[in-house]
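The data block below is model.tsv; it holds TSV, C-alpha atoms.
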```tsv
chain	number	residue	atom	x	y	z
A	1	MET	CA	111.11	86.09	126.91
A	2	THR	CA	107.45	86.22	127.83
A	3	GLU	CA	105.24	87.66	125.14
A	4	PRO	CA	102.81	90.38	126.26
A	5	VAL	CA	99.21	89.31	126.72
A	6	ARG	CA	97.11	90.43	123.81
A	7	ARG	CA	93.88	92.05	124.86
A	8	PRO	CA	90.89	91.43	122.59
A	9	ALA	CA	90.38	94.48	120.40
A	10	ALA	CA	87.46	96.81	120.91
A	11	ARG	CA	84.56	96.41	118.51
A	12	ARG	CA	81.91	98.80	117.24
A	13	ILE	CA	78.56	97.09	117.70
A	14	GLY	CA	75.14	98.33	116.68
A	15	LEU	CA	71.82	97.21	118.12
A	16	LEU	CA	68.66	97.46	116.01
A	17	GLY	CA	65.63	96.34	117.98
A	18	GLY	CA	62.08	95.86	116.88
A	19	SER	CA	59.09	93.58	116.60
A	20	PHE	CA	59.87	92.97	112.90
A	21	ASP	CA	56.27	91.88	112.35
A	22	PRO	CA	57.26	91.41	109.56
A	23	VAL	CA	60.78	92.66	108.78
A	24	HIS	CA	60.77	94.84	105.66
A	25	ARG	CA	63.03	96.75	103.28
A	26	ALA	CA	63.06	99.96	105.34
A	27	HIS	CA	64.49	98.01	108.27
A	28	ARG	CA	67.19	96.67	105.98
A	29	ALA	CA	67.93	100.13	104.57
A	30	LEU	CA	68.37	101.56	108.06
A	31	ALA	CA	70.69	98.73	109.04
A	32	GLU	CA	72.84	99.24	105.94
A	33	VAL	CA	73.13	102.99	106.60
A	34	ALA	CA	74.14	102.23	110.21
A	35	LEU	CA	76.86	99.83	109.05
A	36	ALA	CA	78.33	102.38	106.67
A	37	GLN	CA	77.93	105.60	108.68
A	38	LEU	CA	79.03	104.20	112.04
A	39	GLY	CA	81.77	101.90	110.75
A	40	LEU	CA	80.28	98.96	112.63
A	41	ASP	CA	81.98	95.61	112.97
A	42	GLU	CA	78.57	94.05	113.43
A	43	LEU	CA	74.94	95.02	113.80
A	44	ARG	CA	72.71	92.84	115.93
A	45	TRP	CA	69.05	92.61	115.04
A	46	VAL	CA	67.31	92.30	118.40
A	47	VAL	CA	63.95	90.63	117.84
A	48	ALA	CA	61.61	91.77	120.61
A	49	GLY	CA	59.91	89.14	122.70
A	50	ARG	CA	57.21	91.14	124.49
A	51	PRO	CA	57.72	94.88	123.84
A	52	TRP	CA	56.09	96.59	126.81
A	53	GLN	CA	55.11	99.73	124.88
A	54	LYS	CA	53.57	97.90	121.91
A	55	PRO	CA	50.46	95.73	121.44
A	56	ALA	CA	50.83	91.98	121.06
A	57	GLN	CA	52.58	90.88	117.88
A	58	GLN	CA	50.54	89.18	115.18
A	59	ALA	CA	53.21	86.65	114.20
A	60	ASP	CA	54.70	84.28	116.73
A	61	ALA	CA	58.23	85.05	117.93
A	62	MET	CA	59.59	81.97	116.14
A	63	HIS	CA	58.28	83.26	112.81
A	64	ARG	CA	59.45	86.84	113.34
A	65	ALA	CA	62.97	85.62	114.15
A	66	ALA	CA	62.98	83.28	111.17
A	67	MET	CA	61.99	86.09	108.82
A	68	VAL	CA	64.75	88.35	110.15
A	69	GLY	CA	67.24	85.51	109.63
A	70	LEU	CA	66.16	85.21	106.01
A	71	ALA	CA	66.29	88.97	105.44
A	72	ILE	CA	69.88	89.36	106.69
A	73	ALA	CA	71.45	86.08	105.54
A	74	ASP	CA	73.58	87.68	102.81
A	75	GLU	CA	75.41	90.17	105.08
A	76	PRO	CA	77.97	88.58	107.46
A	77	ARG	CA	78.06	91.68	109.68
A	78	PHE	CA	74.36	91.26	110.47
A	79	VAL	CA	73.64	89.03	113.47
A	80	LEU	CA	70.28	87.70	114.63
A	81	GLU	CA	70.12	88.41	118.37
A	82	ARG	CA	67.67	86.13	120.23
A	83	CYS	CA	68.24	87.15	123.85
A	84	GLU	CA	64.87	88.88	124.29
A	85	LEU	CA	63.06	85.84	122.90
A	86	GLU	CA	64.77	83.61	125.45
A	87	ARG	CA	63.98	85.88	128.40
A	88	ASP	CA	60.68	85.67	130.25
A	89	GLY	CA	58.57	88.74	130.87
A	90	PRO	CA	58.42	92.09	129.06
A	91	SER	CA	61.36	93.14	126.87
A	92	TYR	CA	63.27	96.14	128.21
A	93	THR	CA	66.21	97.54	126.23
A	94	ILE	CA	68.24	98.23	129.37
A	95	ASP	CA	68.13	94.53	130.32
A	96	THR	CA	69.27	93.57	126.83
A	97	VAL	CA	72.16	96.03	126.83
A	98	ARG	CA	73.32	94.96	130.29
A	99	SER	CA	73.24	91.32	129.26
A	100	LEU	CA	75.13	91.81	126.00
A	101	GLN	CA	77.75	94.13	127.46
A	102	GLY	CA	78.29	91.76	130.38
A	103	GLY	CA	79.42	88.97	128.08
A	104	ARG	CA	82.74	90.63	127.21
A	105	PRO	CA	85.92	89.09	128.76
A	106	PRO	CA	87.22	91.29	131.61
A	107	GLU	CA	90.63	91.68	129.97
A	108	ALA	CA	89.12	92.91	126.68
A	109	LEU	CA	89.10	96.52	125.64
A	110	PRO	CA	85.59	98.00	126.02
A	111	ASP	CA	83.41	97.87	122.94
A	112	ASP	CA	81.61	100.89	121.49
A	113	TRP	CA	77.86	100.26	121.48
A	114	PHE	CA	75.35	102.09	119.27
A	115	LEU	CA	71.60	101.88	119.74
A	116	VAL	CA	69.92	102.46	116.38
A	117	LEU	CA	66.48	104.02	116.64
A	118	GLY	CA	64.02	106.24	114.84
A	119	GLN	CA	63.35	109.88	115.59
A	120	ASP	CA	59.97	109.03	117.15
A	121	GLN	CA	61.68	106.64	119.57
A	122	TYR	CA	64.24	109.33	120.40
A	123	ALA	CA	61.42	111.75	121.16
A	124	ASN	CA	59.93	109.28	123.66
A	125	PHE	CA	63.22	108.03	125.07
A	126	ALA	CA	62.59	109.44	128.55
A	127	THR	CA	59.67	107.00	128.89
A	128	TRP	CA	61.98	104.00	128.55
A	129	ARG	CA	62.87	101.91	131.57
A	130	GLU	CA	66.01	103.21	133.37
A	131	TRP	CA	66.84	105.47	130.46
A	132	PRO	CA	69.61	107.49	132.22
A	133	GLU	CA	71.70	104.34	132.64
A	134	LEU	CA	70.97	103.36	129.05
A	135	LEU	CA	72.24	106.74	127.83
A	136	ALA	CA	75.47	106.17	129.75
A	137	ARG	CA	75.99	102.75	128.16
A	138	VAL	CA	75.37	103.47	124.46
A	139	THR	CA	75.59	106.07	121.74
A	140	LEU	CA	72.20	106.78	120.25
A	141	ALA	CA	72.22	106.48	116.45
A	142	VAL	CA	69.07	108.32	115.38
A	143	ALA	CA	67.58	107.96	111.91
A	144	GLY	CA	66.78	111.49	110.84
A	145	ARG	CA	63.79	112.27	108.71
A	146	ALA	CA	64.68	113.39	105.20
A	147	GLY	CA	65.90	116.99	105.23
A	148	GLN	CA	65.24	117.53	108.93
A	149	PRO	CA	67.87	117.89	111.68
A	150	VAL	CA	67.79	115.56	114.66
A	151	GLU	CA	67.00	117.58	117.77
A	152	ALA	CA	67.10	116.32	121.34
A	153	PRO	CA	63.67	116.10	122.98
A	154	ALA	CA	63.06	118.48	125.88
A	155	ALA	CA	63.44	115.74	128.48
A	156	LEU	CA	66.95	114.92	127.21
A	157	ALA	CA	68.14	118.40	126.25
A	158	SER	CA	69.90	118.98	129.56
A	159	VAL	CA	71.19	115.41	129.92
A	160	ALA	CA	74.66	114.63	128.59
A	161	HIS	CA	74.49	111.86	125.99
A	162	ARG	CA	76.11	110.81	122.76
A	163	VAL	CA	74.14	111.05	119.51
A	164	ALA	CA	75.01	110.15	115.94
A	165	THR	CA	72.67	111.02	113.07
A	166	LEU	CA	71.85	108.50	110.36
A	167	PRO	CA	70.67	110.24	107.16
A	168	MET	CA	67.70	108.34	105.78
A	169	PRO	CA	65.58	108.97	102.68
A	170	ALA	CA	61.86	109.46	103.15
A	171	SER	CA	59.88	106.21	103.34
A	172	THR	CA	56.26	105.31	104.02
A	173	LEU	CA	56.95	101.59	104.34
A	174	SER	CA	55.64	100.02	107.53
A	175	SER	CA	54.89	96.60	108.97
A	176	THR	CA	51.35	97.77	109.69
A	177	ASP	CA	50.70	98.49	106.01
A	178	ILE	CA	52.23	95.17	104.94
A	179	ARG	CA	50.03	93.26	107.39
A	180	ARG	CA	46.96	95.13	106.14
A	181	ARG	CA	47.74	94.28	102.52
A	182	LEU	CA	48.22	90.61	103.38
A	183	ARG	CA	45.06	90.52	105.48
A	184	ASP	CA	43.14	92.04	102.55
A	185	GLY	CA	44.31	89.25	100.26
A	186	THR	CA	47.43	90.62	98.55
A	187	SER	CA	49.75	87.79	97.56
A	188	PRO	CA	53.05	87.94	99.48
A	189	ASP	CA	54.93	87.48	96.21
A	190	LEU	CA	53.61	90.85	95.01
A	191	LEU	CA	55.31	92.58	97.96
A	192	ALA	CA	58.80	91.45	96.92
A	193	PRO	CA	61.27	92.91	96.40
A	194	ARG	CA	59.98	96.48	96.92
A	195	MET	CA	58.55	95.91	100.40
A	196	VAL	CA	60.08	92.69	101.70
A	197	GLU	CA	62.93	90.41	100.72
A	198	PRO	CA	61.87	87.60	98.35
A	199	ALA	CA	62.84	84.96	100.92
A	200	VAL	CA	60.61	86.67	103.49
A	201	ALA	CA	57.71	86.80	101.04
A	202	SER	CA	58.11	83.08	100.33
A	203	TYR	CA	58.14	82.32	104.07
A	204	ILE	CA	54.95	84.33	104.64
A	205	ALA	CA	53.24	82.62	101.70
A	206	ARG	CA	54.31	79.13	102.73
A	207	LEU	CA	52.98	79.49	106.28
A	208	GLY	CA	50.00	81.72	105.51
A	209	LEU	CA	51.08	84.43	107.96
A	210	TYR	CA	48.97	87.57	108.47
A	211	ARG	CA	46.00	86.31	106.51
A	212	ASP	CA	42.46	86.64	107.84
A	213	PRO	CA	41.58	84.51	109.73
A	214	PRO	CA	45.10	83.94	111.07
A	215	ILE	CA	46.61	80.48	111.18
A	216	PRO	CA	47.01	78.92	114.64
A	217	GLU	CA	50.27	79.67	116.42
A	218	PRO	CA	52.65	76.71	116.91
A	219	ARG	CA	52.30	74.95	120.22
A	220	HIS	CA	56.01	75.34	121.01
A	221	SER	CA	57.41	78.69	119.89
A	222	ARG	CA	60.34	79.25	122.23
A	223	ILE	CA	63.53	79.96	120.33
A	224	GLU	CA	66.36	77.63	121.20
A	225	PRO	CA	69.78	79.24	121.80
A	226	ARG	CA	72.25	79.04	118.95
A	227	ASN	CA	75.97	78.96	119.60
```
Entire entry expressed as structure tokens:
Amino acid sequence: MTEPVRRPAARRIGLLGGSFDPVHRAHRALAEVALAQLGLDELRWVVAGRPWQKPAQQADAMHRAAMVGLAIADEPRFVLERCELERDGPSYTIDTVRSLQGGRPPEALPDDWFLVLGQDQYANFATWREWPELLARVTLAVAGRAGQPVEAPAALASVAHRVATLPMPASTLSSTDIRRRLRDGTSPDLLAPRMVEPAVASYIARLGLYRDPPIPEPRHSRIEPRN
């Protein structure tokens, strides 16, 4: 008797994109809330190569990816996603989602994809490249500000889309503030563990990242694919 073909089970996958320049504790807190609230099988940290709506990053892509790897090493459901670093040109979320969703075997059940983003990104979502298709491909998981409901921006109010709210405590932590402190001479070790993971602080200190004047970028910074 021929056994029925087993189709690969559907997964619940989150995508958390950002420059992570550097990655900090608020990023980690958001990722942990997404894991718990959305019941994710995995959350992929998508390190941006060249975000088209942001200024140039201060740390080289190789360093930003390495710091994310250090920050998430203790959670097996966190995955460092390098696809934007390996792709030439500006980084567009729609290209990333198409690429990742296209890698599923045709016989597999479709995965559920969640795009984790902040409320400010949600408010500007209609400025993103090919955003109607992106809405059709993912559920938006929006980090709500403490005590405030998540409301659809006017441009999306009449567009059918799926939204999940991630309750987040108030936080003033930002990569901009961390870079400023480091540029002004604060020792990276003093930022751990409240602002950054200790392993990230050690990495920043060892390589002298974000200090003024900055250290030269490595000659070869392209991230090699990892199987």
Residues near region 148-154 of chain A, cut-off 12 Å, all atoms listed in the file, skip fewer than 3 positions along chain, as a PyMOL selection string: chain A and resi 117-127+140-145+157-170
So that I have them on file, write out the residues from the current selection with C-alpha atoms, as a tab-separated table (two decimals), in the frame of the given file.
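Once everything was written out, this is out_19.tsv:
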```
chain	number	residue	atom	x	y	z
A	117	LEU	CA	66.48	104.02	116.64
A	118	GLY	CA	64.02	106.24	114.84
A	119	GLN	CA	63.35	109.88	115.59
A	120	ASP	CA	59.97	109.03	117.15
A	121	GLN	CA	61.68	106.64	119.57
A	122	TYR	CA	64.24	109.33	120.40
A	123	ALA	CA	61.42	111.75	121.16
A	124	ASN	CA	59.93	109.28	123.66
A	125	PHE	CA	63.22	108.03	125.07
A	126	ALA	CA	62.59	109.44	128.55
A	127	THR	CA	59.67	107.00	128.89
A	140	LEU	CA	72.20	106.78	120.25
A	141	ALA	CA	72.22	106.48	116.45
A	142	VAL	CA	69.07	108.32	115.38
A	143	ALA	CA	67.58	107.96	111.91
A	144	GLY	CA	66.78	111.49	110.84
A	145	ARG	CA	63.79	112.27	108.71
A	157	ALA	CA	68.14	118.40	126.25
A	158	SER	CA	69.90	118.98	129.56
A	159	VAL	CA	71.19	115.41	129.92
A	160	ALA	CA	74.66	114.63	128.59
A	161	HIS	CA	74.49	111.86	125.99
A	162	ARG	CA	76.11	110.81	122.76
A	163	VAL	CA	74.14	111.05	119.51
A	164	ALA	CA	75.01	110.15	115.94
A	165	THR	CA	72.67	111.02	113.07
A	166	LEU	CA	71.85	108.50	110.36
A	167	PRO	CA	70.67	110.24	107.16
A	168	MET	CA	67.70	108.34	105.78
A	169	PRO	CA	65.58	108.97	102.68
A	170	ALA	CA	61.86	109.46	103.15
```
Write out as a PDB file with C-alpha atoms, in the coordinates of the input each polymer residue whose atoms come within 9 Å of Gln58 (chain A), counting only C-alpha atoms; drop sequence neighbours fewer than 3 positions from it.
```pdb
ATOM      1  CA  ASP A  21      56.270  91.880 112.350  1.00  0.00           C
ATOM      2  CA  ARG A 179      50.030  93.260 107.390  1.00  0.00           C
ATOM      3  CA  LEU A 209      51.080  84.430 107.960  1.00  0.00           C
ATOM      4  CA  TYR A 210      48.970  87.570 108.470  1.00  0.00           C
ATOM      5  CA  PRO A 214      45.100  83.940 111.070  1.00  0.00           C
TER       6      PRO A 214
END
```
Radius query 9 Å about (63.4, 90.0, 109.1), atoms used: all atoms listed in the file, as a ChimeraX atom specification: /A:20-25,27-28,45,47,64-72,196-197,200
Best match for closeness to Asp74 (chain A) among A:Asp95, A:Glu32, A:Asp111, A:Asp88, counting only C-alpha atoms: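 Nearest candidate to Asp74 (chain A) out of A:Asp95, A:Glu32, A:Asp111, A:Asp88: A:Glu32.
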Asp212 (chain A) environment, 12 Å, all atoms listed in the file, sequence neighbours closer than 4 positions dropped, as JSON, numbers by chain: {"A": [58, 179, 180, 181, 182, 183, 184, 185, 186, 208, 216]}
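For the set A:Gln57, A:Gly17, A:Ala73, A:Val33, the residue with the smallest atom-to-atom gap to Ser175 (chain A) is A:Gln57, counting only C-alpha atoms.
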